[in-house]
file model.tsv (TSV, C-alpha atoms)
chain	number	residue	atom	x	y	z
A	1	MET	CA	0.00	0.00	0.00
A	2	LEU	CA	1.42	3.34	-0.94
A	3	GLY	CA	-0.34	6.00	1.05
A	4	TYR	CA	0.28	9.58	1.94
A	5	ALA	CA	0.94	11.45	5.16
A	6	ALA	CA	-1.68	14.20	5.04
A	7	VAL	CA	-4.21	13.52	7.79
A	8	GLY	CA	-7.22	13.52	5.47
A	9	ASP	CA	-5.57	11.25	2.91
A	10	ALA	CA	-4.57	8.79	5.63
A	11	ILE	CA	-8.03	8.74	7.21
A	12	PHE	CA	-9.67	8.25	3.81
A	13	LEU	CA	-7.41	5.21	3.22
A	14	LEU	CA	-8.31	3.48	6.50
A	15	PRO	CA	-11.40	1.74	5.01
A	16	VAL	CA	-9.15	0.37	2.26
A	17	LEU	CA	-6.75	-1.02	4.86
A	18	ALA	CA	-9.70	-2.57	6.71
A	19	GLY	CA	-10.90	-4.07	3.43
A	20	LEU	CA	-7.46	-5.49	2.69
A	21	ARG	CA	-7.48	-7.18	6.09
A	22	ARG	CA	-10.85	-8.78	5.28
A	23	LEU	CA	-9.84	-9.85	1.76
A	24	TYR	CA	-6.34	-11.07	2.62
A	25	PRO	CA	-6.23	-11.85	6.36
A	26	GLU	CA	-2.87	-13.66	6.10
A	27	SER	CA	-1.14	-10.90	4.10
A	28	ARG	CA	1.46	-8.57	5.49
A	29	VAL	CA	0.38	-4.96	4.88
A	30	THR	CA	2.92	-2.17	4.74
A	31	PHE	CA	1.75	1.44	4.65
A	32	LEU	CA	4.24	3.78	3.01
A	33	ALA	CA	3.97	7.49	3.75
A	34	ASN	CA	5.87	10.69	4.26
A	35	PRO	CA	7.01	11.05	7.88
A	36	SER	CA	4.37	12.83	9.96
A	37	PRO	CA	2.45	12.34	13.21
A	38	VAL	CA	-0.35	10.77	11.15
A	39	SER	CA	2.00	8.13	9.84
A	40	LEU	CA	3.71	7.57	13.16
A	41	GLU	CA	0.59	7.50	15.35
A	42	LEU	CA	-2.69	7.03	13.47
A	43	ILE	CA	-1.78	4.19	11.12
A	44	PRO	CA	-0.12	2.02	13.83
A	45	ALA	CA	-2.99	2.77	16.25
A	46	SER	CA	-5.49	1.49	13.69
A	47	GLY	CA	-3.93	-1.98	13.79
A	48	LEU	CA	-4.59	-2.27	10.04
A	49	ALA	CA	-0.97	-2.20	8.85
A	50	ASP	CA	1.79	-4.50	9.97
A	51	ASP	CA	4.48	-1.95	9.15
A	52	VAL	CA	4.71	1.75	8.44
A	53	GLU	CA	7.56	2.63	6.08
A	54	LEU	CA	8.52	6.27	6.07
A	55	ALA	CA	10.02	8.00	3.06
A	56	HIS	CA	10.26	11.60	1.94
A	57	TRP	CA	9.22	11.66	-1.68
A	58	GLU	CA	8.92	15.35	-2.33
A	59	CYS	CA	12.05	17.13	-3.51
A	60	VAL	CA	14.44	14.25	-2.84
A	61	ALA	CA	17.69	13.43	-4.53
A	62	GLU	CA	17.71	10.60	-7.06
A	63	GLU	CA	20.07	8.63	-4.82
A	64	ASP	CA	17.55	8.80	-1.94
A	65	ARG	CA	14.72	7.72	-4.25
A	66	ARG	CA	16.74	4.70	-5.39
A	67	ARG	CA	17.61	3.81	-1.79
A	68	VAL	CA	13.92	3.80	-0.78
A	69	ASN	CA	13.00	1.63	-3.76
A	70	ALA	CA	15.86	-0.81	-3.05
A	71	ARG	CA	14.65	-1.17	0.54
A	72	LEU	CA	11.10	-1.83	-0.69
A	73	LEU	CA	12.25	-4.25	-3.38
A	74	ASP	CA	14.05	-6.31	-0.72
A	75	ARG	CA	10.64	-6.92	0.88
A	76	GLY	CA	9.28	-8.49	-2.31
A	77	PHE	CA	5.75	-7.13	-2.48
A	78	ASP	CA	3.26	-9.22	-4.47
A	79	GLY	CA	0.88	-6.33	-4.85
A	80	VAL	CA	0.82	-2.58	-4.51
A	81	LEU	CA	-2.11	-0.18	-4.14
A	82	LEU	CA	-1.33	3.36	-5.18
A	83	SER	CA	-3.62	6.09	-3.90
A	84	LEU	CA	-4.35	9.17	-5.96
A	85	SER	CA	-1.95	11.32	-3.94
A	86	SER	CA	0.98	8.89	-4.15
A	87	PRO	CA	3.61	9.64	-6.80
A	88	ALA	CA	4.02	6.67	-9.17
A	89	HIS	CA	7.24	8.06	-10.63
A	90	PHE	CA	8.94	7.95	-7.21
A	91	PHE	CA	8.12	4.26	-6.74
A	92	ARG	CA	8.58	3.08	-10.32
A	93	GLU	CA	11.00	0.23	-9.48
A	94	THR	CA	8.80	-1.04	-6.66
A	95	LEU	CA	5.69	-0.82	-8.82
A	96	ALA	CA	7.30	-2.52	-11.79
A	97	ALA	CA	8.43	-5.47	-9.64
A	98	ALA	CA	5.02	-6.19	-8.08
A	99	ARG	CA	2.77	-8.67	-9.87
A	100	VAL	CA	-0.44	-6.75	-9.04
A	101	ARG	CA	-0.30	-2.96	-9.38
A	102	VAL	CA	-3.58	-1.22	-8.62
A	103	GLY	CA	-3.97	2.54	-8.57
A	104	HIS	CA	-5.87	5.62	-9.50
A	105	CYS	CA	-5.46	7.18	-12.92
A	106	VAL	CA	-6.93	10.58	-13.71
A	107	ARG	CA	-8.93	11.20	-16.85
A	108	LEU	CA	-7.28	14.26	-18.33
A	109	CYS	CA	-9.82	16.58	-19.94
A	110	PRO	CA	-8.34	19.53	-21.84
A	111	PRO	CA	-10.49	22.65	-22.22
A	112	ASP	CA	-12.85	22.47	-25.20
A	113	ARG	CA	-11.76	25.90	-26.40
A	114	LEU	CA	-8.31	24.60	-27.40
A	115	GLY	CA	-7.53	23.55	-30.95
A	116	ALA	CA	-6.26	20.05	-31.77
A	117	ALA	CA	-2.53	20.91	-31.48
A	118	ALA	CA	-3.03	22.89	-28.27
A	119	ARG	CA	-5.11	20.05	-26.79
A	120	SER	CA	-2.31	17.55	-27.54
A	121	LEU	CA	0.27	19.83	-25.93
A	122	TRP	CA	-1.99	20.38	-22.91
A	123	LEU	CA	-2.43	16.60	-22.47
A	124	ALA	CA	1.31	15.92	-22.81
A	125	LYS	CA	2.23	18.58	-20.25
A	126	ARG	CA	-0.40	17.42	-17.72
A	127	ALA	CA	0.59	13.76	-18.12
A	128	LEU	CA	4.26	14.53	-17.47
A	129	VAL	CA	3.93	17.22	-14.80
A	130	THR	CA	1.36	15.34	-12.69
A	131	GLY	CA	3.05	11.96	-13.09
A	132	GLU	CA	-0.03	10.58	-14.83
A	133	ALA	CA	2.12	9.15	-17.62
A	134	SER	CA	4.03	7.02	-15.06
A	135	ARG	CA	0.78	5.78	-13.53
A	136	ARG	CA	-0.63	4.70	-16.86
A	137	LEU	CA	2.55	2.87	-17.80
A	138	LEU	CA	3.16	1.15	-14.45
A	139	LEU	CA	-0.29	0.17	-13.21
A	140	ASN	CA	-1.87	-3.01	-14.53
A	141	ARG	CA	-5.24	-2.44	-12.82
A	142	LYS	CA	-6.31	1.13	-13.30
A	143	VAL	CA	-9.06	2.77	-11.27
A	144	TRP	CA	-10.21	5.77	-13.29
A	145	VAL	CA	-10.94	9.08	-11.60
A	146	GLY	CA	-13.12	11.48	-13.55
A	147	PRO	CA	-12.89	15.25	-13.70
A	148	GLY	CA	-15.88	15.80	-11.39
A	149	PRO	CA	-15.97	15.56	-7.59
A	150	GLU	CA	-16.05	12.15	-5.93
A	151	ASN	CA	-16.12	11.18	-2.29
A	152	ALA	CA	-12.52	10.29	-1.35
A	153	VAL	CA	-13.47	7.19	0.65
A	154	ARG	CA	-15.60	5.88	-2.22
A	155	ARG	CA	-12.79	6.61	-4.70
A	156	ASN	CA	-10.31	4.71	-2.50
A	157	LEU	CA	-12.66	1.75	-1.99
A	158	ARG	CA	-12.74	1.32	-5.75
A	159	LEU	CA	-9.11	0.18	-5.38
A	160	LEU	CA	-10.42	-2.87	-3.52
A	161	GLU	CA	-12.97	-3.52	-6.25
A	162	ALA	CA	-10.09	-3.61	-8.75
A	163	LEU	CA	-8.64	-6.44	-6.63
A	164	GLY	CA	-11.86	-8.38	-7.09
A	165	SER	CA	-13.54	-7.65	-3.76
A	166	GLY	CA	-16.91	-7.15	-5.39
A	167	PRO	CA	-19.00	-4.09	-4.53
A	168	THR	CA	-17.73	-2.20	-1.52
A	169	GLU	CA	-20.94	-0.33	-0.77
A	170	GLY	CA	-21.59	-0.44	2.94
A	171	PHE	CA	-18.01	-1.20	3.96
A	172	ALA	CA	-17.75	0.12	7.48
A	173	GLY	CA	-14.81	2.26	8.35
A	174	PRO	CA	-12.35	0.95	10.91
A	175	GLU	CA	-12.79	1.65	14.58
A	176	LEU	CA	-9.78	3.42	15.97
A	177	PRO	CA	-8.69	2.60	19.49
A	178	ILE	CA	-8.66	5.56	21.82
A	179	PRO	CA	-5.98	5.21	24.50
A	180	GLU	CA	-7.15	5.83	28.05
A	181	GLY	CA	-4.67	8.71	28.39
A	182	ALA	CA	-6.33	10.45	25.46
A	183	ARG	CA	-9.78	9.95	27.01
A	184	THR	CA	-8.57	11.43	30.29
A	185	PHE	CA	-6.97	14.40	28.50
A	186	ALA	CA	-10.16	15.05	26.51
A	187	ALA	CA	-12.31	14.86	29.66
A	188	GLN	CA	-10.15	17.50	31.34
A	189	ALA	CA	-10.28	19.92	28.41

call {"tool": "encode", "arguments": {"input": "model.tsv", "output": "structure tokens"}}
result
Amino acid sequence: MLGYAAVGDAIFLLPVLAGLRRLYPESRVTFLANPSPVSLELIPASGLADDVELAHWECVAEEDRRRVNARLLDRGFDGVLLSLSSPAHFFRETLAAARVRVGHCVRLCPPDRLGAAARSLWLAKRALVTGEASRRLLLNRKVWVGPGPENAVRRNLRLLEALGSGPTEGFAGPELPIPEGARTFAAQA
């Protein structure tokens, strides 16, 4: 699982982690994210991931990117789920080595007002700048995201459907444990 460290993105991926546990109870699940309190506290507290791998993937040197991918390749993942906010180009070696590569791909819709040549240029720029080109090349099970708004949890649950889970309507979100110290602190506030 390749996630992201922003609190909203991590919370919206929790139902996917819960679904993975139901679909593959014997699997080892690793959540990969940028270092943050969300990654260090929320994901382990959920009990839905066996490991949390931390890696900076914004503005990193090529050597660091290769080192992260080498560490991941040593683990030998059979499958990878790539959320919409995760950069496929950063994890290209890891993605290419996994047998099952599921992830979001964005439907790029150039403005209608552009002519044919300008539309082609617009598409090429967007595909390269956003990393969409890498996604389309690396993923073997694409979950298409349209230009309109979509509930983030629903969008993420479609990743499970691409794994063959069947419809995910009604999947309950995970229950997060609340440590007694946090309850006491909240009661005093």

call {"tool": "residues_around", "arguments": {"input": "model.tsv", "residues": "range 43-48 of chain A", "least_positions_apart": "3", "cutoff": "10 Å", "atoms": "only C-alpha atoms", "output": "list in words"}}
result
Ala5, Ala10, Ile11, Leu13, Leu14, Pro15, Val16, Leu17, Ala18, Gly19, Leu20, Arg21, Arg28, Val29, Thr30, Phe31, Ala33, Pro37, Val38, Ser39, Leu40, Asp51, Val52, Pro174, Glu175, Leu176, Pro177, Ile178 and Pro179 of chain A

call {"tool": "closest_residue", "arguments": {"input": "model.tsv", "among": "A:Arg66, A:His56, A:Arg107, A:Arg101", "to": "Asn140 in chain A", "atoms": "all atoms listed in the file"}}
result
A:Arg101

call {"tool": "residues_around", "arguments": {"input": "model.tsv", "residues": "range 112-127 of chain A", "least_positions_apart": "5", "cutoff": "12 Å", "atoms": "all atoms listed in the file", "output": "short mmCIF file (atom, residue, chain, number, x, y, z; two decimals) with C-alpha atoms, in the coordinates of the input"}}
result
data_model
loop_
_atom_site.label_atom_id
_atom_site.label_comp_id
_atom_site.auth_asym_id
_atom_site.auth_seq_id
_atom_site.Cartn_x
_atom_site.Cartn_y
_atom_site.Cartn_z
CA ALA A 88 4.02 6.67 -9.17
CA HIS A 89 7.24 8.06 -10.63
CA CYS A 105 -5.46 7.18 -12.92
CA VAL A 106 -6.93 10.58 -13.71
CA ARG A 107 -8.93 11.20 -16.85
CA GLU A 132 -0.03 10.58 -14.83
CA ALA A 133 2.12 9.15 -17.62
CA SER A 134 4.03 7.02 -15.06
CA ARG A 135 0.78 5.78 -13.53
CA ARG A 136 -0.63 4.70 -16.86
CA LEU A 137 2.55 2.87 -17.80
#

call {"tool": "atom_distance", "arguments": {"input": "model.tsv", "atom1": "CA of Glu63 in chain A", "atom2": "CA of Pro87 in chain A"}}
result
16.6 Å

call {"tool": "closest_residue", "arguments": {"input": "model.tsv", "among": "A:Asn34, A:Thr130, A:Ser27, A:Thr168", "to": "Leu84 in chain A", "atoms": "all atoms listed in the file"}}
result
A:Thr130
